[in-house]
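**Student:** Below: one structure in structure tokens.
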Amino acid sequence: MHQPHVPPPPDRRNFLTKAASIVIGGALAVVAPVAGLFVLLDPLRRKSQAGTFVKVGSLSSLPAGGAAQKFQVLETKTDVWNVTPNEPVGAVYLQRVGEGKVRALNAKCPHAGCFVNFKPGDAMHYHCPCHNSSFGMDGKILNPNSPSPRALDELPVELRGTEIWVRFQNFRAGVKDREPV
Amino acid sequence: MKSFFDWIDHRTGSKKLLHEVLFENVPGGARWRYAWGSTLVFCFSIQVVTGLFLWLAYSPSSQTAWESVYYIQHVMWGGWFLRGLHHFTAQAMTVLLALHLMQVVIDGAYKAPREVNFWTGVLLLLLVLALSLTGYLLPWDQKGYWATRVATGIAGITPMIGPAVERLVVGANDYGHHTLTRFFALHAGIIPGGIIAFIVAHVYLFRRHGLTAKLPKKAPDSPFWPDQVFRDAVVCLAVLIVILFFNFRSHGADLDAPADPSEPYPARPEWYFLFLFQMLKLPVFKGSMEVVGAIVVPTVVMVVLVAMPYLGNSKQGHRFNLGFLWAMLGVMASLTYLAMNEDRNDPGFQADVRAAKWEAERVITLAGEGIPTTGAITLLRNDPLTQGPKIFARNCASCHRYDGHDGLGGQPKDKISASDLKGFGSREWLTGLFDPEKIAGPLYWGGTEHAEGKMAKFVKEDVPEFNAEQKEKLRQGLIALSAEAGLKAQAALDKRDAALIAEGQKELKGSTINCADCHKFHGDGDDTGPDLTGWGSREWLTAFISDASHERFYGEKNDRMPAFGTDKMLTEREIGLVADWLRGEWYVPKSRAE
């Protein structure tokens with residue numbers, strides 16, 4: 001059958017133009033936000049810093065009788081582009097637990113990250129001033145209505161002569177399991 | 001789905017709005033030439049999006065601006081692409097603004113009743129230029145710092161209010177934290193806010209008066225959607241492709257070394273301001289006339305631009321407007337060409353550009369190990385590879401050379417009159433010193449009194465007479481002496497030859513090769529000549545540079561070597577930097593060290 005050559009009807013032409021406009025428009029709209037999203041998501045690529053042992057104090061500065069003593073932890077601190085040696089990066093409570101043994105607890109509350117206080121006296125314990133959690137000297141939760149999901153975070157300790165070395169690390173607050181940050 | 005859109009429409013009137021946006025009448029049908037305005041809106045939206053994301057990582061202060069931009073550019077995921085997109089879209093906007101303005105005037109779209117719209121356009125042009133000016137400073141690198149200083153300096157020569165304006169823009173007596181916070185607030189808040197307001201006004205007025213059709217009309221009227229939208233989209237795509245081409249070609253925008261008020265820099269404004277820069281260099285704008293070139297001429301141009309809608313009401317006026325714009329474009333193009341051409345043919349400028357580029361690369365290498373809180377500028381200031389040659393060129397090169405030049409590749413006007421210190425401390429350097437042909441030659445002591453001294457006499461007369469055994473022992477002695485320097489480049493050799501070095505040390509103290517007749521070495525020997533204990537080590541070299549007349553070294557026999565430390569001509573830090581540089585002690589990234 002003979003079909004004469006005719007231009008496509010306007011509707012069809014219109015459809016192609018519309019479709020092409022939408023496709024191109026979509027491509028134009030997507031480039032800048034996608035480029036930005038990559039940069040925005042960059043922190044997800046950064047690995048959590050594995051702690052290394054750092055010297056925090058000496059045995060002689062720890063009181064006898066198991067009372068806790070607060071120590072600053074100085075480490076090489078990496079803050080995005082800044083690298084600073086010997087910067088305070090956190091604090092630990094150290095206490096003697098028997099002959100030549102030391103326990104180290106991260107001073108951050110596992111609930112919301114507040115700084116817990118050591119309460120000396122007859123019933124020594126730790127207390128978080130933010131939401132009234134109490135922790136025993138071993139770090140375990142004392143009060144049943146504590147909002148903390150886990151005990152205070154204990155950190156590995158090494159005694160090198162009389163020096164106390166601790167592998168300092170922060171863990172995510174508010175979750176049951178210890179996840180390094 | 002339909003009911004959802006109906007609900008939205010009932011609450012917001014979205015259908016009517018969409019209809020108004022899409023079905024604006026295009027008299028005479030869609031045409032490619034109407035796309036310029038849309039490309040500008042497109043570019044501006046890219047700038048808003050990329051700018052907001054950059055803002056998430058940018059930190060405006062003089063110790064963190066460069067550092068955060070470095071981090072975006074070199075560490076963050078796709079950061080270079082994002083920053084490059086922002087940078088090149090800014091440049092595209094400037095070009096597109098010029099095209100849009102030309103098209104509006106050529107088509108007569110600025111005539112009554114569209115004057116106000118034309119004026120909002122002129123204001124938008126100024127605001128966009130202000131954006132690019134303020135954005136240039138934000139990375140706080142040498143380029144932006146020096147170019148912006150020129151710009152604020154020009155603001156400062158405005159009669160009467162200049163100094164106050166300059167102080168207010170800079171935020172203090174001199175460039176610093178508040179310059180950045182102010183420029184950033186202008187760049188990311190105040191100016192874009194103004195632009196958005198004026199774009200709304202501009203588009204509103206455009207819609208109110210309708211599109212100015214290019215006559216004669218080629219086709220019947222048609223709605224904006226889809227034919228004109230399609231054309232606009234294609235042109236925007238072309239613009240984006242050009243931007244992406246430049247972005248990929250240069251792997252994003254440049255980042256120079258951190259701003260340093262104490263280091264010279266071949267400052268040039270961004271290319272689209274080069275014509276202004278070149279104009280101010282014209283002889284007519286010398287001295288007190290500078291204010292005419294910097295302020296009066298641009299003001300006159302702006303007045304003519306603002307008056308264009310009135311002038312354009314008559315045929316002659318319209319022709320004048322067109323002629324004026326073409327002439328301006330011509331002058332701007334010629335001045336830009338002149339500026340670029342002058343720089344291209346200026347070897348001094350080119351050398352400065354190369355040096356600046358080298359420093360930019362160096363600081364980025366150093367920053368890879370982390371930046372101190374005092375800022376990346378400290379990295380360069382404490383880097384022997386960067387500072388050593390500069391200190392050498394300023395203080396040492398009038399007598400000494402480094403590989404035949406002044407350390408920076410230049411030639412001092414005075415002839416070489418003391419030893420060439422390239423490789424000082426190495427076995428090669430020492431072997432050259434003990435060459436009877438060389439010791440009194442230009443590369444060693446030719447220009448000094450030492451050429452006539454005992455040592456030169458010993459090398460020229462006694463050493464050639466040495467028997468084979470003595471020659472071998474001298475070789476061992478020189479290897480041991482060179483090992484005293486503890487050069488990084490020779491560490492492997494020294495380790496390999498440990499036994500030989502132990503032998504050589506004995507010879508240096510012994511009587512076979514006569515060193516101990518004049519020199520002390522680890523406590524043994526005579527002390528008429530310089531003490532050779534630790535010769536060429538950092539400690540020895542810094543002490544020597546501090547005071548070569550000290551009895552440990554030349555004592556009274558010192559020939560013109562200044563006491564740089566004792567006489568406080570250089571600080572201890574500077575002496576350390578030049579010594580480290582001469583000894584080849586500087587940071588090398590691990591990947592390249594092998």
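Ordering of the structure tokens sets the chain letters (A, B, ...); residue numbers start at 1 within each chain; ligands are numbered from 1 in the order shown.
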Write out as a tab-separated table the residues of chain B that have any atom within 8 Å of an atom of chain A, one row each with the nearest atom pair and its distance in Å to one decimal, counting only C-alpha atoms, sorted by chain and then rising number.

**Tutor:**
residue	atom	partner	partner_atom	distance
B:Ile46	CA	A:Ala32	CA	5.9
B:Val49	CA	A:Ala32	CA	6.3
B:Thr50	CA	A:Ala32	CA	5.9
B:Phe53	CA	A:Gly36	CA	5.3
B:Leu54	CA	A:Gly36	CA	7.6
B:Leu56	CA	A:Leu40	CA	7.5
B:Glu67	CA	A:Trp81	CA	6.7
B:Ser68	CA	A:Trp81	CA	7.2
B:Tyr71	CA	A:Trp81	CA	6.5
B:Ile72	CA	A:Val39	CA	7.8
B:Met76	CA	A:Asp42	CA	5.9
B:Trp77	CA	A:Val39	CA	5.2
B:Gly78	CA	A:Val39	CA	6.0
B:Gly79	CA	A:Val39	CA	5.7
B:Phe81	CA	A:Ala35	CA	6.9
B:Leu82	CA	A:Ala35	CA	5.4
B:Leu85	CA	A:Ala32	CA	7.7
B:Trp225	CA	A:Lys18	CA	7.9
B:Pro226	CA	A:Lys18	CA	5.5
B:Asp227	CA	A:Thr17	CA	6.7
B:Val229	CA	A:Ser21	CA	6.6
B:Phe230	CA	A:Ser21	CA	4.7
B:Ala233	CA	A:Gly25	CA	6.0
B:Val234	CA	A:Ile24	CA	7.1
B:Cys236	CA	A:Leu28	CA	7.6
B:Leu237	CA	A:Leu28	CA	6.6
B:Leu240	CA	A:Leu28	CA	7.6
B:Glu369	CA	A:Val83	CA	7.9
B:Gly370	CA	A:Val83	CA	4.9
B:Ile371	CA	A:Asn82	CA	4.7
B:Pro372	CA	A:Asn82	CA	5.5
B:Thr373	CA	A:Asn82	CA	5.9

**Student:** Output N, CA, C and O atoms for every residue in the selection just made, as a tab-separated table (two decimals), in the first residue's frame.

**Tutor:**
chain	number	residue	atom	x	y	z
B	46	ILE	N	22.70	25.99	40.44
B	46	ILE	CA	23.88	25.13	40.71
B	46	ILE	C	24.72	25.76	41.82
B	46	ILE	O	25.19	25.09	42.74
B	49	VAL	N	23.15	25.25	45.25
B	49	VAL	CA	23.26	23.86	45.74
B	49	VAL	C	24.71	23.53	46.10
B	49	VAL	O	25.02	23.09	47.21
B	50	THR	N	25.63	23.77	45.15
B	50	THR	CA	27.03	23.44	45.44
B	50	THR	C	27.55	24.29	46.59
B	50	THR	O	28.30	23.81	47.44
B	53	PHE	N	26.48	22.87	49.95
B	53	PHE	CA	27.25	21.68	50.31
B	53	PHE	C	28.69	22.06	50.70
B	53	PHE	O	29.26	21.47	51.62
B	54	LEU	N	29.26	23.02	49.99
B	54	LEU	CA	30.61	23.45	50.37
B	54	LEU	C	30.61	24.06	51.76
B	54	LEU	O	31.54	23.88	52.56
B	56	LEU	N	28.96	23.20	54.21
B	56	LEU	CA	28.98	22.15	55.22
B	56	LEU	C	30.40	21.77	55.63
B	56	LEU	O	30.61	21.15	56.67
B	67	GLU	N	42.77	25.42	55.18
B	67	GLU	CA	42.84	24.03	55.62
B	67	GLU	C	41.55	23.28	55.28
B	67	GLU	O	41.60	22.14	54.82
B	68	SER	N	40.41	23.94	55.51
B	68	SER	CA	39.16	23.24	55.20
B	68	SER	C	38.98	23.10	53.70
B	68	SER	O	38.45	22.08	53.23
B	71	TYR	N	41.03	20.30	52.60
B	71	TYR	CA	40.41	19.03	52.96
B	71	TYR	C	39.29	18.67	51.96
B	71	TYR	O	39.17	17.53	51.54
B	72	ILE	N	38.51	19.68	51.59
B	72	ILE	CA	37.47	19.46	50.58
B	72	ILE	C	38.13	19.00	49.28
B	72	ILE	O	37.73	18.00	48.67
B	76	MET	N	38.24	14.90	50.79
B	76	MET	CA	36.83	14.48	50.80
B	76	MET	C	36.41	13.85	49.49
B	76	MET	O	36.93	14.16	48.42
B	77	TRP	N	35.46	13.01	49.61
B	77	TRP	CA	34.93	12.24	48.50
B	77	TRP	C	34.31	13.17	47.45
B	77	TRP	O	33.31	13.82	47.73
B	78	GLY	N	34.91	13.23	46.27
B	78	GLY	CA	34.33	14.07	45.21
B	78	GLY	C	34.40	15.54	45.53
B	78	GLY	O	33.75	16.34	44.87
B	79	GLY	N	35.18	15.91	46.56
B	79	GLY	CA	35.26	17.32	46.95
B	79	GLY	C	35.78	18.20	45.83
B	79	GLY	O	35.27	19.29	45.60
B	81	PHE	N	35.46	17.80	42.73
B	81	PHE	CA	34.45	17.96	41.69
B	81	PHE	C	33.42	19.01	42.11
B	81	PHE	O	33.07	19.90	41.34
B	82	LEU	N	32.99	18.92	43.36
B	82	LEU	CA	31.99	19.86	43.87
B	82	LEU	C	32.54	21.29	43.83
B	82	LEU	O	31.89	22.21	43.35
B	85	LEU	N	32.93	22.48	40.28
B	85	LEU	CA	31.63	22.81	39.70
B	85	LEU	C	31.22	24.22	40.12
B	85	LEU	O	30.77	25.02	39.30
B	225	TRP	N	5.82	26.01	27.19
B	225	TRP	CA	5.96	24.54	27.25
B	225	TRP	C	5.30	23.93	26.04
B	225	TRP	O	4.18	24.32	25.74
B	226	PRO	N	5.91	22.99	25.32
B	226	PRO	CA	7.24	22.44	25.63
B	226	PRO	C	8.36	23.01	24.75
B	226	PRO	O	9.52	22.80	25.06
B	227	ASP	N	7.99	23.74	23.66
B	227	ASP	CA	9.04	24.06	22.68
B	227	ASP	C	10.15	24.94	23.26
B	227	ASP	O	11.34	24.66	23.08
B	229	VAL	N	10.80	25.45	26.48
B	229	VAL	CA	11.44	24.73	27.59
B	229	VAL	C	12.50	23.79	27.03
B	229	VAL	O	13.62	23.70	27.55
B	230	PHE	N	12.16	23.11	25.96
B	230	PHE	CA	13.11	22.18	25.34
B	230	PHE	C	14.37	22.93	24.90
B	230	PHE	O	15.50	22.51	25.18
B	233	ALA	N	16.35	23.93	27.88
B	233	ALA	CA	17.02	22.78	28.50
B	233	ALA	C	18.26	22.38	27.71
B	233	ALA	O	19.32	22.09	28.29
B	234	VAL	N	18.16	22.40	26.40
B	234	VAL	CA	19.30	22.01	25.57
B	234	VAL	C	20.46	22.99	25.76
B	234	VAL	O	21.62	22.59	25.91
B	236	CYS	N	20.98	24.89	28.38
B	236	CYS	CA	21.53	24.68	29.73
B	236	CYS	C	22.44	23.46	29.74
B	236	CYS	O	23.51	23.46	30.37
B	237	LEU	N	22.03	22.42	29.03
B	237	LEU	CA	22.85	21.21	28.97
B	237	LEU	C	24.20	21.53	28.33
B	237	LEU	O	25.25	21.08	28.81
B	240	LEU	N	26.27	23.25	30.82
B	240	LEU	CA	26.76	22.30	31.83
B	240	LEU	C	27.92	21.47	31.26
B	240	LEU	O	28.92	21.22	31.96
B	369	GLU	N	50.27	14.85	56.04
B	369	GLU	CA	50.63	14.27	57.33
B	369	GLU	C	49.86	14.91	58.48
B	369	GLU	O	50.13	14.63	59.64
B	370	GLY	N	48.92	15.79	58.14
B	370	GLY	CA	48.18	16.51	59.18
B	370	GLY	C	48.71	17.92	59.33
B	370	GLY	O	49.89	18.17	59.14
B	371	ILE	N	47.82	18.82	59.68
B	371	ILE	CA	48.16	20.24	59.76
B	371	ILE	C	48.12	20.67	61.22
B	371	ILE	O	47.18	20.34	61.93
B	372	PRO	N	49.13	21.41	61.69
B	372	PRO	CA	49.07	21.89	63.08
B	372	PRO	C	47.97	22.93	63.24
B	372	PRO	O	47.51	23.51	62.25
B	373	THR	N	47.55	23.14	64.48
B	373	THR	CA	46.45	24.08	64.71
B	373	THR	C	46.83	25.51	64.35
B	373	THR	O	45.97	26.35	64.18

**Student:** So the first atom is atom CA of Gln91 of chain B and the second is atom CA of Leu205 of chain B; what is the distance between them in Å, to one decimal place?

**Tutor:**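 Computing the Euclidean distance for atom CA of Gln91 of chain B and atom CA of Leu205 of chain B yields 26.4 Å.
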
**Student:** List the spatial neighbours of Ala109 of chain B as a PDB file with all heavy atoms, in the first residue's frame - criterion: any atom at most 9 Å away, only C-alpha atoms, same-chain residues fewer than 6 positions off excluded.

**Tutor:**
ATOM      1  N   GLN B 103      22.070  40.347  24.308  1.00  0.00           N
ATOM      2  CA  GLN B 103      20.866  39.922  23.602  1.00  0.00           C
ATOM      3  C   GLN B 103      19.703  40.864  23.926  1.00  0.00           C
ATOM      4  O   GLN B 103      18.935  41.243  23.042  1.00  0.00           O
ATOM      5  CB  GLN B 103      20.549  38.482  24.002  1.00  0.00           C
ATOM      6  CG  GLN B 103      19.402  37.865  23.237  1.00  0.00           C
ATOM      7  CD  GLN B 103      18.196  37.686  24.130  1.00  0.00           C
ATOM      8  OE1 GLN B 103      18.339  37.503  25.339  1.00  0.00           O
ATOM      9  NE2 GLN B 103      17.021  37.783  23.542  1.00  0.00           N
ATOM     10  N   GLU B 115      11.872  49.237  31.460  1.00  0.00           N
ATOM     11  CA  GLU B 115      13.070  49.860  32.051  1.00  0.00           C
ATOM     12  C   GLU B 115      13.425  49.256  33.400  1.00  0.00           C
ATOM     13  O   GLU B 115      14.580  48.936  33.671  1.00  0.00           O
ATOM     14  CB  GLU B 115      12.863  51.376  32.250  1.00  0.00           C
ATOM     15  CG  GLU B 115      12.561  52.162  31.009  1.00  0.00           C
ATOM     16  CD  GLU B 115      11.077  52.350  30.829  1.00  0.00           C
ATOM     17  OE1 GLU B 115      10.300  51.432  31.194  1.00  0.00           O
ATOM     18  OE2 GLU B 115      10.665  53.407  30.325  1.00  0.00           O
ATOM     19  N   PHE B 118      15.069  46.052  33.215  1.00  0.00           N
ATOM     20  CA  PHE B 118      16.452  46.188  32.781  1.00  0.00           C
ATOM     21  C   PHE B 118      17.339  46.589  33.964  1.00  0.00           C
ATOM     22  O   PHE B 118      18.419  46.053  34.164  1.00  0.00           O
ATOM     23  CB  PHE B 118      16.534  47.229  31.664  1.00  0.00           C
ATOM     24  CG  PHE B 118      17.915  47.425  31.130  1.00  0.00           C
ATOM     25  CD1 PHE B 118      18.481  46.481  30.272  1.00  0.00           C
ATOM     26  CD2 PHE B 118      18.671  48.545  31.479  1.00  0.00           C
ATOM     27  CE1 PHE B 118      19.762  46.662  29.778  1.00  0.00           C
ATOM     28  CE2 PHE B 118      19.947  48.717  30.982  1.00  0.00           C
ATOM     29  CZ  PHE B 118      20.499  47.780  30.128  1.00  0.00           C
ATOM     30  N   LEU B 211       7.482  38.427  26.819  1.00  0.00           N
ATOM     31  CA  LEU B 211       8.744  38.291  26.127  1.00  0.00           C
ATOM     32  C   LEU B 211       8.805  39.298  24.977  1.00  0.00           C
ATOM     33  O   LEU B 211       7.798  39.573  24.341  1.00  0.00           O
ATOM     34  CB  LEU B 211       8.829  36.868  25.597  1.00  0.00           C
ATOM     35  CG  LEU B 211      10.188  36.342  25.199  1.00  0.00           C
ATOM     36  CD1 LEU B 211      10.290  34.894  25.644  1.00  0.00           C
ATOM     37  CD2 LEU B 211      10.395  36.430  23.703  1.00  0.00           C
ATOM     38  N   THR B 212       9.974  39.874  24.766  1.00  0.00           N
ATOM     39  CA  THR B 212      10.131  40.776  23.635  1.00  0.00           C
ATOM     40  C   THR B 212      10.482  39.935  22.411  1.00  0.00           C
ATOM     41  O   THR B 212      11.565  39.360  22.348  1.00  0.00           O
ATOM     42  CB  THR B 212      11.270  41.776  23.891  1.00  0.00           C
ATOM     43  OG1 THR B 212      11.084  42.328  25.187  1.00  0.00           O
ATOM     44  CG2 THR B 212      11.291  42.851  22.842  1.00  0.00           C
ATOM     45  N   ALA B 213       9.541  39.845  21.487  1.00  0.00           N
ATOM     46  CA  ALA B 213       9.773  38.966  20.337  1.00  0.00           C
ATOM     47  C   ALA B 213      10.803  39.585  19.411  1.00  0.00           C
ATOM     48  O   ALA B 213      10.873  40.800  19.243  1.00  0.00           O
ATOM     49  CB  ALA B 213       8.475  38.747  19.591  1.00  0.00           C
ATOM     50  N   PRO B 309      17.772  52.467  28.774  1.00  0.00           N
ATOM     51  CA  PRO B 309      16.371  52.384  28.371  1.00  0.00           C
ATOM     52  C   PRO B 309      15.843  53.713  27.833  1.00  0.00           C
ATOM     53  O   PRO B 309      15.049  53.723  26.893  1.00  0.00           O
ATOM     54  CB  PRO B 309      15.660  51.998  29.666  1.00  0.00           C
ATOM     55  CG  PRO B 309      16.692  51.308  30.474  1.00  0.00           C
ATOM     56  CD  PRO B 309      17.975  51.994  30.141  1.00  0.00           C
TER      57      PRO B 309
END

**Student:** Work out how far atom CA of Phe458 of chain B is from atom CA of Lys415 of chain B, in Å to one decimal.

**Tutor:**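 That distance, rounded to one decimal, is 26.1 Å.
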
**Student:** Residues near His125 of chain A, anyone? I mean within 7 Å using only C-alpha atoms, not counting same-chain ones fewer than 3 positions away, as a list of chain:residue names.

**Tutor:**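 My list of contacting residues is A:Phe118, A:Lys119, A:Pro120, A:Ser134, A:Phe135, A:Gly136, A:Met137.
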
**Student:** Show me, as a PDB file with N, CA and C atoms, in the first residue's frame, the residues that have an atom within 7 Å of Leu105 of chain A when counting only C-alpha atoms, minus same-chain residues fewer than 3 positions from it.

**Tutor:**
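In the end it all went to out_7.pdb:
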ATOM      1  N   VAL A  92      39.778   9.027  82.088  1.00  0.00           N
ATOM      2  CA  VAL A  92      39.493   7.694  82.615  1.00  0.00           C
ATOM      3  C   VAL A  92      39.544   7.748  84.138  1.00  0.00           C
ATOM      4  N   TYR A  93      38.809   6.847  84.786  1.00  0.00           N
ATOM      5  CA  TYR A  93      38.967   6.623  86.220  1.00  0.00           C
ATOM      6  C   TYR A  93      39.830   5.392  86.408  1.00  0.00           C
ATOM      7  N   LEU A  94      40.877   5.522  87.197  1.00  0.00           N
ATOM      8  CA  LEU A  94      41.739   4.376  87.499  1.00  0.00           C
ATOM      9  C   LEU A  94      41.561   4.009  88.962  1.00  0.00           C
ATOM     10  N   LEU A 152      29.521   0.984  82.678  1.00  0.00           N
ATOM     11  CA  LEU A 152      30.594   1.891  82.242  1.00  0.00           C
ATOM     12  C   LEU A 152      31.586   1.087  81.399  1.00  0.00           C
ATOM     13  N   ASP A 153      32.206   1.763  80.429  1.00  0.00           N
ATOM     14  CA  ASP A 153      33.091   1.041  79.519  1.00  0.00           C
ATOM     15  C   ASP A 153      34.467   0.837  80.141  1.00  0.00           C
ATOM     16  N   GLU A 154      34.793  -0.444  80.358  1.00  0.00           N
ATOM     17  CA  GLU A 154      36.105  -0.748  80.905  1.00  0.00           C
ATOM     18  C   GLU A 154      37.120  -0.773  79.772  1.00  0.00           C
ATOM     19  N   LEU A 155      38.307  -0.283  80.073  1.00  0.00           N
ATOM     20  CA  LEU A 155      39.338  -0.186  79.029  1.00  0.00           C
ATOM     21  C   LEU A 155      40.524  -1.077  79.412  1.00  0.00           C
TER      22      LEU A 155
END

**Student:** Where in chain A does DSSP assign strand (DSSP E or B), given as a PyMOL selection string?

**Tutor:** chain A and resi 53-58+69-79+82-96+102-106+108+115+117-119+125-128+133-135+141+154-155+157-160+163-167+171+180

**Student:** Got a sec: who's within 8 Å of Lys473 of chain B, counting only C-alpha atoms, leaving out chain neighbours fewer than 6 positions off, as a list in words?

**Tutor:** Gly504, Glu507, Thr512 and Ile513 of chain B

**Student:** Would you mind telling me which residue in A:Lys77, A:Arg160, A:Arg96, A:Arg178 lies nearest to Ala64 of chain A when using only C-alpha atoms?

**Tutor:**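 Nearest to Ala64 of chain A: A:Arg96.
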